[in-house]
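Note: the block below is data-v6.tsv and it holds TSV, N, CA and C atoms.
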chain	number	residue	atom	x	y	z
A	611	MET	N	-10.55	11.76	4.68
A	611	MET	CA	-10.95	10.37	4.58
A	611	MET	C	-10.94	9.90	3.12
A	612	LYS	N	-11.37	10.82	2.23
A	612	LYS	CA	-11.39	10.48	0.81
A	612	LYS	C	-9.99	10.15	0.31
A	613	ARG	N	-9.01	10.90	0.79
A	613	ARG	CA	-7.62	10.70	0.38
A	613	ARG	C	-7.15	9.29	0.71
A	614	PHE	N	-7.44	8.83	1.93
A	614	PHE	CA	-6.99	7.50	2.33
A	614	PHE	C	-7.72	6.40	1.57
A	615	LEU	N	-8.99	6.61	1.26
A	615	LEU	CA	-9.73	5.61	0.48
A	615	LEU	C	-9.21	5.52	-0.95
A	616	VAL	N	-8.88	6.67	-1.54
A	616	VAL	CA	-8.32	6.66	-2.89
A	616	VAL	C	-6.99	5.92	-2.90
A	617	PHE	N	-6.14	6.24	-1.94
A	617	PHE	CA	-4.84	5.57	-1.88
A	617	PHE	C	-4.99	4.08	-1.53
A	618	LEU	N	-5.98	3.74	-0.71
A	618	LEU	CA	-6.17	2.35	-0.30
A	618	LEU	C	-6.60	1.47	-1.47
A	619	PHE	N	-7.46	1.98	-2.34
A	619	PHE	CA	-7.99	1.15	-3.42
A	619	PHE	C	-7.30	1.36	-4.76
A	620	VAL	N	-6.92	2.59	-5.08
A	620	VAL	CA	-6.36	2.88	-6.40
A	620	VAL	C	-4.86	2.60	-6.43
A	621	PHE	N	-4.13	2.97	-5.38
A	621	PHE	CA	-2.67	2.80	-5.37
A	621	PHE	C	-2.25	1.35	-5.62
A	622	PRO	N	-2.81	0.35	-4.90
A	622	PRO	CA	-2.37	-1.02	-5.17
A	622	PRO	C	-2.71	-1.49	-6.59
A	623	ALA	N	-3.85	-1.04	-7.11
A	623	ALA	CA	-4.21	-1.45	-8.48
A	623	ALA	C	-3.25	-0.86	-9.51
A	624	VAL	N	-2.96	0.42	-9.39
A	624	VAL	CA	-2.04	1.05	-10.34
A	624	VAL	C	-0.62	0.52	-10.15
A	625	ALA	N	-0.23	0.24	-8.90
A	625	ALA	CA	1.09	-0.33	-8.65
A	625	ALA	C	1.22	-1.72	-9.26
A	626	THR	N	0.16	-2.52	-9.17
A	626	THR	CA	0.18	-3.86	-9.76
A	626	THR	C	0.28	-3.78	-11.27
A	627	ILE	N	-0.51	-2.91	-11.87
A	627	ILE	CA	-0.47	-2.76	-13.33
A	627	ILE	C	0.89	-2.24	-13.78
A	628	SER	N	1.41	-1.23	-13.09
A	628	SER	CA	2.70	-0.67	-13.51
A	628	SER	C	3.84	-1.64	-13.26
A	629	SER	N	3.77	-2.44	-12.19
A	629	SER	CA	4.85	-3.40	-11.95
A	629	SER	C	4.88	-4.48	-13.01
A	630	TYR	N	3.72	-4.95	-13.43
A	630	TYR	CA	3.72	-5.97	-14.48
A	630	TYR	C	4.02	-5.39	-15.85
A	631	ALA	N	3.69	-4.13	-16.06
A	631	ALA	CA	4.08	-3.48	-17.32
A	631	ALA	C	5.60	-3.32	-17.39
A	632	VAL	N	6.21	-2.88	-16.28
A	632	VAL	CA	7.67	-2.73	-16.25
A	632	VAL	C	8.34	-4.10	-16.35
A	633	LEU	N	7.79	-5.10	-15.66
A	633	LEU	CA	8.34	-6.45	-15.74
A	633	LEU	C	8.29	-6.99	-17.16
A	634	TYR	N	7.18	-6.74	-17.83
A	634	TYR	CA	7.05	-7.19	-19.22
A	634	TYR	C	8.04	-6.47	-20.13
A	635	LEU	N	8.22	-5.17	-19.92
A	635	LEU	CA	9.16	-4.41	-20.75
A	635	LEU	C	10.61	-4.82	-20.51
A	636	LEU	N	10.96	-5.12	-19.26
A	636	LEU	CA	12.34	-5.47	-18.94
A	636	LEU	C	12.70	-6.90	-19.33
A	637	THR	N	11.78	-7.83	-19.07
A	637	THR	CA	12.13	-9.23	-19.26
A	637	THR	C	11.30	-9.94	-20.32
A	638	GLY	N	10.18	-9.39	-20.69
A	638	GLY	CA	9.30	-10.06	-21.64
A	638	GLY	C	8.44	-11.13	-21.00
A	639	ALA	N	8.44	-11.19	-19.66
A	639	ALA	CA	7.66	-12.20	-18.94
A	639	ALA	C	6.18	-11.86	-19.03
A	640	VAL	N	5.37	-12.90	-19.13
A	640	VAL	CA	3.93	-12.75	-19.22
A	640	VAL	C	3.33	-13.34	-17.95
A	641	VAL	N	2.26	-12.74	-17.45
A	641	VAL	CA	1.60	-13.23	-16.25
A	641	VAL	C	0.94	-14.56	-16.57
A	642	ASP	N	1.29	-15.61	-15.81
A	642	ASP	CA	0.73	-16.92	-16.08
A	642	ASP	C	-0.36	-17.31	-15.10
A	643	SER	N	-0.41	-16.68	-13.94
A	643	SER	CA	-1.47	-16.95	-12.98
A	643	SER	C	-1.80	-15.65	-12.25
A	644	LEU	N	-2.86	-15.66	-11.52
A	644	LEU	CA	-3.26	-14.45	-10.80
A	644	LEU	C	-2.67	-14.37	-9.41
A	645	SER	N	-1.86	-15.34	-9.02
A	645	SER	CA	-1.28	-15.28	-7.68
A	645	SER	C	-0.23	-14.16	-7.57
A	646	GLY	N	0.50	-13.90	-8.63
A	646	GLY	CA	1.49	-12.83	-8.61
A	646	GLY	C	0.87	-11.46	-8.47
A	647	PRO	N	-0.09	-11.11	-9.34
A	647	PRO	CA	-0.76	-9.81	-9.18
A	647	PRO	C	-1.49	-9.67	-7.85
A	648	ALA	N	-2.07	-10.74	-7.36
A	648	ALA	CA	-2.75	-10.66	-6.07
A	648	ALA	C	-1.77	-10.38	-4.95
A	649	LEU	N	-0.60	-11.00	-5.01
A	649	LEU	CA	0.42	-10.76	-3.99
A	649	LEU	C	0.94	-9.33	-4.06
A	650	VAL	N	1.18	-8.83	-5.26
A	650	VAL	CA	1.64	-7.44	-5.41
A	650	VAL	C	0.58	-6.48	-4.88
A	651	TYR	N	-0.69	-6.76	-5.15
A	651	TYR	CA	-1.77	-5.91	-4.68
A	651	TYR	C	-1.80	-5.87	-3.15
A	652	VAL	N	-1.71	-7.02	-2.51
A	652	VAL	CA	-1.78	-7.09	-1.06
A	652	VAL	C	-0.55	-6.44	-0.41
A	653	VAL	N	0.62	-6.68	-0.98
A	653	VAL	CA	1.85	-6.13	-0.42
A	653	VAL	C	1.89	-4.61	-0.54
A	654	SER	N	1.25	-4.05	-1.55
A	654	SER	CA	1.33	-2.60	-1.76
A	654	SER	C	0.27	-1.82	-0.98
A	655	ILE	N	-0.52	-2.48	-0.15
A	655	ILE	CA	-1.53	-1.76	0.64
A	655	ILE	C	-0.86	-0.93	1.74
A	656	ALA	N	0.11	-1.49	2.45
A	656	ALA	CA	0.77	-0.75	3.52
A	656	ALA	C	1.54	0.47	2.99
A	657	PRO	N	2.33	0.33	1.91
A	657	PRO	CA	2.97	1.54	1.36
A	657	PRO	C	1.95	2.57	0.87
A	658	ALA	N	0.80	2.12	0.41
A	658	ALA	CA	-0.22	3.05	-0.04
A	658	ALA	C	-0.71	3.92	1.10
A	659	LEU	N	-0.89	3.34	2.26
A	659	LEU	CA	-1.35	4.12	3.41
A	659	LEU	C	-0.27	5.08	3.91
A	660	VAL	N	0.98	4.66	3.82
A	660	VAL	CA	2.08	5.56	4.21
A	660	VAL	C	2.16	6.74	3.25
A	661	VAL	N	2.05	6.46	1.96
A	661	VAL	CA	2.09	7.54	0.97
A	661	VAL	C	0.87	8.45	1.11
A	662	ALA	N	-0.28	7.89	1.49
A	662	ALA	CA	-1.46	8.72	1.72
A	662	ALA	C	-1.22	9.67	2.89
A	663	LEU	N	-0.58	9.19	3.93
A	663	LEU	CA	-0.26	10.05	5.07
A	663	LEU	C	0.69	11.16	4.66
A	664	VAL	N	1.69	10.81	3.87
A	664	VAL	CA	2.65	11.82	3.38
A	664	VAL	C	1.94	12.82	2.48
A	665	ASP	N	1.04	12.35	1.63
A	665	ASP	CA	0.28	13.25	0.75
A	665	ASP	C	-0.57	14.21	1.58
A	666	TRP	N	-1.16	13.72	2.64
A	666	TRP	CA	-1.97	14.56	3.51
A	666	TRP	C	-1.11	15.62	4.19
A	667	LEU	N	0.09	15.22	4.63
A	667	LEU	CA	1.00	16.17	5.27
A	667	LEU	C	1.54	17.19	4.27
A	668	ILE	N	1.83	16.77	3.06
A	668	ILE	CA	2.34	17.68	2.04
A	668	ILE	C	1.26	18.66	1.59
A	669	ALA	N	0.00	18.24	1.66
A	669	ALA	CA	-1.10	19.13	1.28
A	669	ALA	C	-1.18	20.36	2.18
A	670	LYS	N	-0.61	20.27	3.37
A	670	LYS	CA	-0.63	21.40	4.30
A	670	LYS	C	0.54	22.35	4.10
A	671	THR	N	1.43	22.04	3.17
A	671	THR	CA	2.61	22.87	2.89
A	671	THR	C	2.41	23.57	1.55
A	672	PRO	N	3.27	24.54	1.23
A	672	PRO	CA	3.14	25.21	-0.07
A	672	PRO	C	3.67	24.37	-1.24
A	673	ILE	N	4.25	23.20	-0.96
A	673	ILE	CA	4.74	22.32	-2.02
A	673	ILE	C	3.56	21.72	-2.76
A	674	PRO	N	3.58	21.66	-4.09
A	674	PRO	CA	2.49	20.99	-4.82
A	674	PRO	C	2.41	19.52	-4.39
A	675	THR	N	1.21	19.06	-4.08
A	675	THR	CA	1.05	17.73	-3.51
A	675	THR	C	1.48	16.62	-4.48
A	676	VAL	N	1.16	16.79	-5.75
A	676	VAL	CA	1.50	15.74	-6.71
A	676	VAL	C	3.02	15.60	-6.81
A	677	VAL	N	3.71	16.71	-6.88
A	677	VAL	CA	5.18	16.68	-6.99
A	677	VAL	C	5.81	16.12	-5.71
A	678	GLY	N	5.37	16.60	-4.58
A	678	GLY	CA	5.94	16.14	-3.32
A	678	GLY	C	5.69	14.67	-3.05
A	679	THR	N	4.47	14.22	-3.31
A	679	THR	CA	4.14	12.82	-3.08
A	679	THR	C	4.89	11.90	-4.04
A	680	THR	N	4.99	12.30	-5.30
A	680	THR	CA	5.71	11.48	-6.27
A	680	THR	C	7.18	11.40	-5.92
A	681	LEU	N	7.78	12.51	-5.55
A	681	LEU	CA	9.18	12.49	-5.16
A	681	LEU	C	9.42	11.68	-3.90
A	682	PHE	N	8.49	11.74	-2.96
A	682	PHE	CA	8.63	10.92	-1.75
A	682	PHE	C	8.58	9.44	-2.09
A	683	ALA	N	7.61	9.03	-2.89
A	683	ALA	CA	7.48	7.61	-3.24
A	683	ALA	C	8.69	7.13	-4.04
A	684	TYR	N	9.14	7.95	-4.96
A	684	TYR	CA	10.33	7.59	-5.74
A	684	TYR	C	11.56	7.51	-4.85
A	685	GLY	N	11.71	8.48	-3.97
A	685	GLY	CA	12.86	8.49	-3.05
A	685	GLY	C	12.84	7.32	-2.08
A	686	ALA	N	11.67	6.96	-1.59
A	686	ALA	CA	11.57	5.81	-0.69
A	686	ALA	C	11.96	4.52	-1.41
A	687	ALA	N	11.55	4.38	-2.67
A	687	ALA	CA	11.92	3.20	-3.44
A	687	ALA	C	13.42	3.16	-3.71
A	688	VAL	N	14.00	4.31	-4.01
A	688	VAL	CA	15.45	4.37	-4.26
A	688	VAL	C	16.22	4.05	-2.99
A	689	LEU	N	15.77	4.57	-1.84
A	689	LEU	CA	16.45	4.26	-0.58
A	689	LEU	C	16.33	2.79	-0.24
A	690	TYR	N	15.19	2.19	-0.52
A	690	TYR	CA	15.02	0.76	-0.28
A	690	TYR	C	15.99	-0.05	-1.13
A	691	LEU	N	16.11	0.31	-2.39
A	691	LEU	CA	17.02	-0.42	-3.27
A	691	LEU	C	18.48	-0.17	-2.90
A	692	ALA	N	18.79	1.03	-2.46
A	692	ALA	CA	20.17	1.30	-2.04
A	692	ALA	C	20.51	0.50	-0.79
A	693	TRP	N	19.54	0.33	0.09
A	693	TRP	CA	19.76	-0.44	1.30
A	693	TRP	C	19.85	-1.92	0.97
A	694	ASP	N	19.06	-2.36	0.02
A	694	ASP	CA	19.04	-3.77	-0.38
A	694	ASP	C	20.29	-4.14	-1.18
A	695	GLY	N	20.88	-3.19	-1.87
A	695	GLY	CA	22.10	-3.44	-2.62
A	695	GLY	C	21.88	-3.74	-4.09
A	696	SER	N	20.63	-3.77	-4.54
A	696	SER	CA	20.38	-4.06	-5.96
A	696	SER	C	20.03	-2.77	-6.68
A	697	ALA	N	21.02	-1.96	-6.95
A	697	ALA	CA	20.81	-0.64	-7.54
A	697	ALA	C	20.56	-0.71	-9.04
A	698	ARG	N	20.50	-1.89	-9.58
A	698	ARG	CA	20.32	-2.07	-11.02
A	698	ARG	C	18.93	-1.62	-11.49
A	699	TYR	N	17.96	-1.77	-10.64
A	699	TYR	CA	16.58	-1.49	-11.05
A	699	TYR	C	16.00	-0.27	-10.35
A	700	ILE	N	16.83	0.71	-10.07
A	700	ILE	CA	16.36	1.90	-9.37
A	700	ILE	C	15.28	2.62	-10.17
A	701	PHE	N	15.50	2.83	-11.44
A	701	PHE	CA	14.51	3.55	-12.25
A	701	PHE	C	13.21	2.76	-12.36
A	702	ALA	N	13.31	1.46	-12.52
A	702	ALA	CA	12.11	0.64	-12.68
A	702	ALA	C	11.25	0.68	-11.41
A	703	LEU	N	11.87	0.48	-10.25
A	703	LEU	CA	11.09	0.51	-9.01
A	703	LEU	C	10.61	1.92	-8.71
A	704	GLY	N	11.36	2.92	-9.12
A	704	GLY	CA	10.91	4.29	-8.96
A	704	GLY	C	9.66	4.58	-9.76
A	705	VAL	N	9.59	4.05	-10.98
A	705	VAL	CA	8.38	4.21	-11.80
A	705	VAL	C	7.22	3.45	-11.18
A	706	ILE	N	7.51	2.25	-10.68
A	706	ILE	CA	6.44	1.44	-10.09
A	706	ILE	C	5.87	2.11	-8.85
A	707	SER	N	6.67	2.84	-8.10
A	707	SER	CA	6.16	3.49	-6.90
A	707	SER	C	5.74	4.94	-7.14
A	708	GLY	N	6.39	5.62	-8.05
A	708	GLY	CA	6.06	7.03	-8.30
A	708	GLY	C	4.80	7.23	-9.10
A	709	LEU	N	4.55	6.37	-10.06
A	709	LEU	CA	3.36	6.50	-10.91
A	709	LEU	C	2.06	6.36	-10.11
A	710	PRO	N	1.90	5.33	-9.29
A	710	PRO	CA	0.66	5.26	-8.50
A	710	PRO	C	0.52	6.40	-7.51
A	711	ALA	N	1.64	6.87	-6.97
A	711	ALA	CA	1.57	8.00	-6.04
A	711	ALA	C	1.07	9.25	-6.75
A	712	ALA	N	1.55	9.48	-7.95
A	712	ALA	CA	1.11	10.66	-8.71
A	712	ALA	C	-0.37	10.55	-9.08
A	713	VAL	N	-0.80	9.38	-9.53
A	713	VAL	CA	-2.19	9.19	-9.93
A	713	VAL	C	-3.12	9.38	-8.74
A	714	CYS	N	-2.79	8.77	-7.62
A	714	CYS	CA	-3.64	8.89	-6.43
A	714	CYS	C	-3.64	10.30	-5.87
A	715	SER	N	-2.51	10.98	-5.94
A	715	SER	CA	-2.45	12.35	-5.46
A	715	SER	C	-3.32	13.26	-6.33
A	716	LEU	N	-3.31	13.02	-7.63
A	716	LEU	CA	-4.18	13.80	-8.51
A	716	LEU	C	-5.65	13.52	-8.24
A	717	LEU	N	-5.99	12.26	-7.99
A	717	LEU	CA	-7.39	11.91	-7.74
A	717	LEU	C	-7.90	12.38	-6.38
A	718	SER	N	-7.00	12.54	-5.42
A	718	SER	CA	-7.45	12.92	-4.08
A	718	SER	C	-7.40	14.41	-3.82
A	719	ARG	N	-7.05	15.20	-4.83
A	719	ARG	CA	-7.03	16.65	-4.64
A	719	ARG	C	-8.43	17.17	-4.40
A	720	HIS	N	-8.48	18.34	-3.81
A	720	HIS	CA	-9.77	18.99	-3.53
A	720	HIS	C	-10.45	19.36	-4.84
A	721	LYS	N	-11.77	19.30	-4.89
A	721	LYS	CA	-12.49	19.54	-6.14
A	721	LYS	C	-12.25	20.93	-6.71
A	722	THR	N	-12.09	21.93	-5.89
A	722	THR	CA	-11.88	23.27	-6.41
A	722	THR	C	-10.54	23.38	-7.11
A	723	ALA	N	-9.58	22.57	-6.72
A	723	ALA	CA	-8.27	22.61	-7.37
A	723	ALA	C	-8.33	21.95	-8.76
A	724	LEU	N	-9.26	21.02	-8.94
A	724	LEU	CA	-9.36	20.34	-10.23
A	724	LEU	C	-10.22	21.09	-11.24
A	725	SER	N	-11.16	21.88	-10.75
A	725	SER	CA	-12.04	22.57	-11.70
A	725	SER	C	-11.34	23.79	-12.29
A	726	THR	N	-11.61	24.01	-13.54
A	726	THR	CA	-11.03	25.16	-14.22
A	726	THR	C	-12.13	26.16	-14.55
A	727	PRO	N	-11.90	27.41	-14.28
A	727	PRO	CA	-12.94	28.40	-14.59
A	727	PRO	C	-13.01	28.65	-16.10
A	728	TYR	N	-14.19	28.86	-16.57
A	728	TYR	CA	-14.40	29.09	-18.00
A	728	TYR	C	-14.48	30.56	-18.28

Kindly transcribe the structure held in the file into structure tokens.
Amino acid sequence: MKRFLVFLFVFPAVATISSYAVLYLLTGAVVDSLSGPALVYVVSIAPALVVALVDWLIAKTPIPTVVGTTLFAYGAAVLYLAWDGSARYIFALGVISGLPAAVCSLLSRHKTALSTPY
């Protein structure tokens, strides 16, 4: 349950921040109203839940969850762009989708995996 809550609240926020950071770096555009970030936040809720499900499934395999989840999110974004036909921004959308997936996967790991013995 913790995994889905982390992905539900943190993923859209990090995706919104990373999308506007990439947009600013690519075009120099500045956010002029809050309607754009609000729309990005709302639109990224459904992909966040799908990535949370994939993260949960990958946690049951020997694949490291952070690596598997990040590669899934990046691959899904690349497939979407390949289907859409605008392959120009593959790396940008991959960063926008892979970065929040990695952050949320790190935050949703089990506590014993995060603690380091002294």

| message | To one decimal place in Å, what is the distance between atom CA of Ile706 of chain A and atom CA of Ser718 of chain A? | response | 19.0 Å

| said: Write out as an NGL selection string the set of residues from segment 634-709 of chain A that DSSP, computed on the backbone, places in helix (DSSP H, G or I). | reply: :A and (634-637 or 645-653 or 655-668 or 675-694 or 697-709)

| query | Within 10 Å of (1.8, -3.4, -4.3), only C-alpha atoms: residues as a list in words? | reply |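 Output of the proximity query reads Phe621, Pro622, Ala623, Val624, Ala625, Thr626, Ile627, Ser628, Ser629, Pro647, Ala648, Leu649, Val650, Tyr651, Val652, Val653, Ser654, Ile655, Ala656, Pro657, Ala658, Ile706, Ser707 and Pro710 of chain A.
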
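Atom to atom, atom C of Arg613 of chain A and atom CA of Tyr684 of chain A stand 18.7 Å apart.
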
| request: Give the answer as one residue: which of A:Gly708, A:Val661, A:Tyr630, A:Arg719 has the shortest atom-to-atom distance to Leu681 of chain A, using only N, CA and C atoms? | output: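 Using only N, CA and C atoms, the shortest distance to Leu681 of chain A belongs to A:Gly708.
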
| request: Work out how far atom CA of Phe617 of chain A is from atom C of Cys714 of chain A, in Å to one decimal. | output: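 Answer for the atom C of Cys714 of chain A to atom CA of Phe617 of chain A separation: 6.3 Å.
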